[in-house]
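Data block below; observations after.
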Amino acid sequence: MREFLARMRGSIFIFTCKIARKNVKIARGLRIYKKLKVTGKGSIEIGENCRVCGIKGDSSQYVCLETLSPTAVMRIGNNVSLYAARIAAKYQIVIGDDVLIEEAGIMDTDFHSIARDRGIPLSEKGDKCRVVVGNRVCIGARSSILKGTTIGDDVIVAPGSIVTMSVKSGYMVAGNPAKALAHE
Amino acid sequence: MGLIRGTSYFIFYNYVKRNIKIGFPFLANAKVRIIGPGTVSIGKGCIVLKNQFKGLTIITFSRNAKVIIGDKCALGGTTIRSFGIVKIGNKAMTAISLIQDSFYMNCDKIGEEIKRRIPPSKNISLGTNVWLGEGSFVMNGSEIGDDSVLSSGSWCYDASYHDYVLIMGNPARSVMPIDKLLRLKGEI
């Protein structure tokens, strides 16, 4: 019953996006178990058979996909499961296939400059701030991935880690700033 | 006010749900949520305080899961998520912290190869009179001795710490025995 309701909710969301929002493109098989919020004018693409869920025991958190400029691009692959993930794109965010994200945040901008007026950061450029997450990556609860990072394939990001530098494929990272724990 | 709310939680969980036991003087100043098929027992005289209005959340993900909390604990906005056994001693103080005995809670849909590489869930045990600071993480396999202090923002994973030490950092390490620290500060 729950599965059926999730599929119904997903197909209704895809239908409303086809009519009202031309910038959001969603492939078949989306399942929405809890609220999905999509805002902004940038283009968003979501692959096949994705799952959108909340976190058990905390009803205030839901999945939020946000684009902050009309030129922003967010691309999410196939079979991705999002558990109360928050993704904010100003330039470009690419997420691969079979990715698990639990209660974590991904953003490719700092939102404010470090100068006194706290205005728009002028030094940020599109190709430098791009965030790329590879295939089969697991990202744990309460961790965040900051601008300009590239995460390779088969990476395990432990809960509570802050990823500020790029991670090669096959590593397990933890800590603040995130460092490699083990490698196979 | 806290006693009335706590007593209503006491009646609801003890008599409606069979797997949960709460000791009698239970003061709840914020929301208490206990979900899941595992067994949960909370000792006598515990208080739930409203740290950022989050309350106490205990979630068990399997039938074998056990969460045992001792007497006279002061629990702030703590979240406990368990597959195995989580033990907290008497008189423990916790702020907004996450106690989680596995890396991922919803990893049944991911591929087999990466599932093998994820570290398995391990039991957690905290001693008596432990103080967990704000924003701290207690991950699988960590054992903290009696009277120790876990500093705010620290992250401990698969390590055991002695009695009466100060633990800091992300990843955490025991910095100094508190006896020595107090002597350096001139408090004893």
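In the structure tokens, each chain is lettered A, B, ... as it comes, each chain's residues begin at 1, and ligands are numbered from 1 in order of appearance.
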
Problem set entry | Shell around Tyr9 of chain B at 9 Å using only C-alpha atoms, local window under 5 positions removed, as a list of chain:residue names |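 Counting only the stated atoms, we get B:Ile4, B:Asn14, B:Ile22, B:Phe26, B:Ala28, B:Val32.
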
For this session: Pull out every residue of chain B sitting within 8 Å of chain A, counting only C-alpha atoms, and send them as a VMD selection string.
Result: chain B and resid 33 35 57 to 59 103 to 104 107 110 to 111 114 118 137 155 170 to 171

Include C-alpha atoms and write out the residues we just selected as an mmCIF file, in the first residue's frame.
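What ended up in again19.cif:
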```cif
data_model
loop_
_atom_site.group_PDB
_atom_site.id
_atom_site.type_symbol
_atom_site.label_atom_id
_atom_site.label_comp_id
_atom_site.auth_asym_id
_atom_site.auth_seq_id
_atom_site.Cartn_x
_atom_site.Cartn_y
_atom_site.Cartn_z
ATOM 1 C CA ARG B 33 9.486 9.741 20.321
ATOM 2 C CA ILE B 35 9.816 4.088 17.401
ATOM 3 C CA THR B 57 14.276 10.461 19.780
ATOM 4 C CA ILE B 58 14.988 6.729 20.034
ATOM 5 C CA ILE B 59 14.658 4.570 16.912
ATOM 6 C CA PHE B 103 27.116 3.987 9.277
ATOM 7 C CA TYR B 104 23.955 3.938 7.189
ATOM 8 C CA CYS B 107 21.452 0.714 3.087
ATOM 9 C CA ILE B 110 22.471 -0.325 -2.461
ATOM 10 C CA GLY B 111 24.789 -2.700 -4.324
ATOM 11 C CA ILE B 114 29.936 -1.568 -1.516
ATOM 12 C CA ILE B 118 30.760 -0.691 4.888
ATOM 13 C CA PHE B 137 28.751 12.010 17.360
ATOM 14 C CA TRP B 155 33.288 12.371 16.521
ATOM 15 C CA ASN B 170 36.949 15.060 14.824
ATOM 16 C CA PRO B 171 38.089 12.171 14.727
#
```

For this session: Within segment 28-175 of chain B, find each residue whose DSSP state, derived from the backbone, is strand (DSSP E), and express the selection as a ChimeraX atom specification.
Result: /B:28,32-35,39-42,47-48,56-60,66-69,74-75,79-82,85-88,93-94,98-100,124-126,131-132,137-138,143-144,149-150,155-156,160-161,165-168,173-175

Please identify all polymer residues within 7 Å of segment 33-43 of chain A, counting only C-alpha atoms, omitting same-chain residues fewer than 3 positions from it, and present them as a PDB file with N, CA and C atoms, in the first residue's frame.
```
ATOM      1  N   ALA A   6       3.414   5.758  -2.936  1.00  0.00           N
ATOM      2  CA  ALA A   6       4.632   6.456  -3.324  1.00  0.00           C
ATOM      3  C   ALA A   6       4.736   6.561  -4.838  1.00  0.00           C
ATOM      4  N   ASN A  23      11.592  23.353 -16.823  1.00  0.00           N
ATOM      5  CA  ASN A  23      13.017  23.183 -16.493  1.00  0.00           C
ATOM      6  C   ASN A  23      13.307  21.900 -15.711  1.00  0.00           C
ATOM      7  N   VAL A  24      12.267  21.235 -15.213  1.00  0.00           N
ATOM      8  CA  VAL A  24      12.474  20.002 -14.441  1.00  0.00           C
ATOM      9  C   VAL A  24      12.131  18.804 -15.315  1.00  0.00           C
ATOM     10  N   VAL A  52      12.602   9.006  -3.056  1.00  0.00           N
ATOM     11  CA  VAL A  52      12.669  10.217  -2.238  1.00  0.00           C
ATOM     12  C   VAL A  52      11.997   9.906  -0.909  1.00  0.00           C
ATOM     13  N   CYS A  53      12.765   9.914   0.203  1.00  0.00           N
ATOM     14  CA  CYS A  53      12.228   9.525   1.505  1.00  0.00           C
ATOM     15  C   CYS A  53      12.606  10.559   2.551  1.00  0.00           C
ATOM     16  N   GLY A  54      11.931  10.475   3.689  1.00  0.00           N
ATOM     17  CA  GLY A  54      12.324  11.281   4.834  1.00  0.00           C
ATOM     18  C   GLY A  54      13.163  10.445   5.767  1.00  0.00           C
ATOM     19  N   TYR A  62      12.882  17.047   5.018  1.00  0.00           N
ATOM     20  CA  TYR A  62      12.459  16.465   3.743  1.00  0.00           C
ATOM     21  C   TYR A  62      13.495  16.782   2.685  1.00  0.00           C
ATOM     22  N   VAL A  63      13.335  16.179   1.496  1.00  0.00           N
ATOM     23  CA  VAL A  63      14.297  16.381   0.413  1.00  0.00           C
ATOM     24  C   VAL A  63      14.045  17.728  -0.245  1.00  0.00           C
ATOM     25  N   CYS A  64      15.105  18.509  -0.440  1.00  0.00           N
ATOM     26  CA  CYS A  64      14.982  19.837  -1.027  1.00  0.00           C
ATOM     27  C   CYS A  64      16.027  20.000  -2.122  1.00  0.00           C
ATOM     28  N   LEU A  65      15.576  20.204  -3.366  1.00  0.00           N
ATOM     29  CA  LEU A  65      16.475  20.461  -4.490  1.00  0.00           C
ATOM     30  C   LEU A  65      16.293  21.905  -4.905  1.00  0.00           C
ATOM     31  N   GLU A  66      17.385  22.679  -4.910  1.00  0.00           N
ATOM     32  CA  GLU A  66      17.267  24.115  -5.116  1.00  0.00           C
ATOM     33  C   GLU A  66      18.286  24.567  -6.152  1.00  0.00           C
ATOM     34  N   THR A  67      17.834  25.351  -7.136  1.00  0.00           N
ATOM     35  CA  THR A  67      18.770  25.987  -8.059  1.00  0.00           C
ATOM     36  C   THR A  67      18.704  27.483  -7.836  1.00  0.00           C
ATOM     37  N   LEU A  68      19.898  28.106  -7.737  1.00  0.00           N
ATOM     38  CA  LEU A  68      19.971  29.499  -7.308  1.00  0.00           C
ATOM     39  C   LEU A  68      20.132  30.478  -8.468  1.00  0.00           C
ATOM     40  N   SER A  69      20.374  29.988  -9.692  1.00  0.00           N
ATOM     41  CA  SER A  69      20.467  30.899 -10.835  1.00  0.00           C
ATOM     42  C   SER A  69      19.875  30.205 -12.060  1.00  0.00           C
ATOM     43  N   PRO A  70      19.451  30.980 -13.099  1.00  0.00           N
ATOM     44  CA  PRO A  70      18.835  30.342 -14.277  1.00  0.00           C
ATOM     45  C   PRO A  70      19.800  29.476 -15.060  1.00  0.00           C
ATOM     46  N   THR A  71      21.117  29.701 -14.914  1.00  0.00           N
ATOM     47  CA  THR A  71      22.081  28.895 -15.672  1.00  0.00           C
ATOM     48  C   THR A  71      22.531  27.648 -14.912  1.00  0.00           C
ATOM     49  N   ALA A  72      22.010  27.441 -13.717  1.00  0.00           N
ATOM     50  CA  ALA A  72      22.451  26.307 -12.902  1.00  0.00           C
ATOM     51  C   ALA A  72      21.984  24.992 -13.503  1.00  0.00           C
ATOM     52  N   VAL A  73      22.815  23.961 -13.328  1.00  0.00           N
ATOM     53  CA  VAL A  73      22.495  22.630 -13.854  1.00  0.00           C
ATOM     54  C   VAL A  73      22.625  21.631 -12.710  1.00  0.00           C
ATOM     55  N   MET A  74      21.583  20.817 -12.510  1.00  0.00           N
ATOM     56  CA  MET A  74      21.667  19.742 -11.524  1.00  0.00           C
ATOM     57  C   MET A  74      21.264  18.454 -12.218  1.00  0.00           C
TER      58      MET A  74
END
```

Find the spatial neighbours of Asn123 of chain B, counting only C-alpha atoms, within a cut-off of 12 Å - ignore same-chain residues fewer than 3 positions away - and output them as a CSV table (one decimal) with N, CA and C atoms, in the first residue's frame.
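Done, and the output landed in part11.csv:
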```
chain,number,residue,atom,x,y,z
B,64,ASN,N,16.4,-7.4,17.4
B,64,ASN,CA,17.5,-7.6,18.4
B,64,ASN,C,18.0,-6.4,19.0
B,65,ALA,N,17.5,-5.2,18.6
B,65,ALA,CA,18.1,-3.9,19.1
B,65,ALA,C,17.7,-3.7,20.5
B,66,LYS,N,18.6,-3.2,21.3
B,66,LYS,CA,18.3,-2.9,22.7
B,66,LYS,C,18.9,-1.5,23.1
B,67,VAL,N,18.1,-0.7,23.7
B,67,VAL,CA,18.6,0.6,24.2
B,67,VAL,C,18.4,0.6,25.7
B,68,ILE,N,19.4,0.7,26.5
B,68,ILE,CA,19.3,0.7,27.9
B,68,ILE,C,19.9,2.0,28.5
B,81,ARG,N,19.9,6.0,17.2
B,81,ARG,CA,19.5,5.1,16.2
B,81,ARG,C,20.3,3.8,16.3
B,82,SER,N,19.6,2.6,16.5
B,82,SER,CA,20.4,1.4,16.8
B,82,SER,C,19.9,0.2,16.0
B,83,PHE,N,20.9,-0.6,15.6
B,83,PHE,CA,20.7,-2.0,15.2
B,83,PHE,C,21.0,-3.0,16.3
B,84,GLY,N,22.0,-2.6,17.1
B,84,GLY,CA,22.5,-3.6,18.2
B,84,GLY,C,22.2,-3.1,19.6
B,85,ILE,N,23.1,-3.2,20.5
B,85,ILE,CA,22.9,-2.8,21.9
B,85,ILE,C,23.6,-1.5,22.2
B,86,VAL,N,22.8,-0.5,22.7
B,86,VAL,CA,23.4,0.8,23.2
B,86,VAL,C,23.1,0.9,24.7
B,87,LYS,N,24.2,1.0,25.5
B,87,LYS,CA,24.1,1.2,26.9
B,87,LYS,C,24.5,2.5,27.3
B,88,ILE,N,23.7,3.2,28.2
B,88,ILE,CA,24.1,4.5,28.7
B,88,ILE,C,24.0,4.3,30.2
B,99,ILE,N,23.7,9.4,18.6
B,99,ILE,CA,24.3,8.1,18.9
B,99,ILE,C,23.8,7.1,17.9
B,100,GLN,N,24.7,6.6,17.1
B,100,GLN,CA,24.3,5.7,16.0
B,100,GLN,C,25.3,4.6,15.9
B,101,ASP,N,24.8,3.3,15.9
B,101,ASP,CA,25.7,2.2,15.9
B,101,ASP,C,25.9,1.6,14.5
B,102,SER,N,25.6,2.3,13.5
B,102,SER,CA,25.9,1.8,12.1
B,102,SER,C,26.1,3.0,11.2
B,120,PRO,N,30.7,-3.0,9.8
B,120,PRO,CA,29.5,-3.6,10.4
B,120,PRO,C,29.1,-2.8,11.7
B,126,LEU,N,28.4,3.6,27.1
B,126,LEU,CA,28.9,4.8,27.8
B,126,LEU,C,28.8,4.5,29.3
B,138,VAL,N,28.6,9.8,18.4
B,138,VAL,CA,29.1,8.6,19.0
B,138,VAL,C,28.7,7.5,18.0
B,139,MET,N,29.7,7.0,17.3
B,139,MET,CA,29.5,6.0,16.2
B,139,MET,C,29.7,4.6,16.7
B,140,ASN,N,29.7,3.6,15.8
B,140,ASN,CA,29.7,2.2,16.2
B,140,ASN,C,31.0,1.8,16.9
B,141,GLY,N,31.0,1.0,17.9
B,141,GLY,CA,32.1,0.4,18.5
B,141,GLY,C,32.8,1.4,19.5
B,142,SER,N,32.2,2.5,19.9
B,142,SER,CA,33.0,3.4,20.8
B,142,SER,C,32.5,3.1,22.3
B,143,GLU,N,33.5,3.0,23.2
B,143,GLU,CA,33.3,2.8,24.6
B,143,GLU,C,33.9,3.9,25.4
B,144,ILE,N,33.1,4.6,26.2
B,144,ILE,CA,33.6,5.7,26.9
B,144,ILE,C,33.5,5.4,28.4
B,157,TYR,N,34.7,6.9,16.9
B,157,TYR,CA,34.3,5.8,16.1
B,157,TYR,C,35.3,4.6,16.4
B,158,ASP,N,34.8,3.5,16.9
B,158,ASP,CA,35.6,2.3,17.1
B,158,ASP,C,36.8,2.5,17.9
B,159,ALA,N,36.6,3.0,19.1
B,159,ALA,CA,37.8,3.2,20.0
B,159,ALA,C,37.2,3.2,21.4
B,160,SER,N,38.1,2.8,22.4
B,160,SER,CA,37.7,2.8,23.8
B,160,SER,C,38.5,3.8,24.6
```

Exercise. Quick one: DSSP alpha helix (DSSP H) residues in segment 4-184 of chain A, as number ranges by chain?
Worked result: A: 4-20

Filtering to N, CA and C atoms, could you give me those residues as a short mmCIF file (atom, residue, chain, number, x, y, z; two decimals), in the first residue's frame?
```cif
data_model
loop_
_atom_site.label_atom_id
_atom_site.label_comp_id
_atom_site.auth_asym_id
_atom_site.auth_seq_id
_atom_site.Cartn_x
_atom_site.Cartn_y
_atom_site.Cartn_z
N PHE A 4 2.56 1.63 -3.33
CA PHE A 4 1.60 2.09 -4.34
C PHE A 4 1.37 3.60 -4.22
N LEU A 5 1.19 4.07 -2.98
CA LEU A 5 0.98 5.51 -2.76
C LEU A 5 2.20 6.30 -3.21
N ALA A 6 3.41 5.76 -2.94
CA ALA A 6 4.63 6.46 -3.32
C ALA A 6 4.74 6.56 -4.84
N ARG A 7 4.38 5.48 -5.54
CA ARG A 7 4.42 5.50 -7.00
C ARG A 7 3.40 6.48 -7.57
N MET A 8 2.19 6.51 -6.94
CA MET A 8 1.14 7.45 -7.37
C MET A 8 1.62 8.89 -7.22
N ARG A 9 2.18 9.17 -6.04
CA ARG A 9 2.67 10.53 -5.77
C ARG A 9 3.76 10.93 -6.76
N GLY A 10 4.64 9.98 -7.08
CA GLY A 10 5.71 10.23 -8.04
C GLY A 10 5.17 10.53 -9.42
N SER A 11 4.17 9.75 -9.87
CA SER A 11 3.65 9.98 -11.23
C SER A 11 2.89 11.30 -11.31
N ILE A 12 2.23 11.67 -10.20
CA ILE A 12 1.54 12.98 -10.19
C ILE A 12 2.56 14.11 -10.26
N PHE A 13 3.68 13.95 -9.53
CA PHE A 13 4.73 14.98 -9.54
C PHE A 13 5.32 15.12 -10.95
N ILE A 14 5.56 13.98 -11.63
CA ILE A 14 6.12 14.02 -13.00
C ILE A 14 5.14 14.72 -13.94
N PHE A 15 3.85 14.44 -13.79
CA PHE A 15 2.82 15.04 -14.64
C PHE A 15 2.75 16.55 -14.45
N THR A 16 2.79 17.02 -13.18
CA THR A 16 2.73 18.47 -12.93
C THR A 16 3.98 19.16 -13.45
N CYS A 17 5.14 18.48 -13.40
CA CYS A 17 6.36 19.07 -13.93
C CYS A 17 6.29 19.20 -15.44
N LYS A 18 5.65 18.23 -16.12
CA LYS A 18 5.54 18.29 -17.58
C LYS A 18 4.69 19.48 -18.01
N ILE A 19 3.67 19.80 -17.21
CA ILE A 19 2.76 20.89 -17.59
C ILE A 19 3.29 22.24 -17.14
N ALA A 20 3.62 22.36 -15.86
CA ALA A 20 3.89 23.68 -15.30
C ALA A 20 5.36 24.06 -15.34
#
```
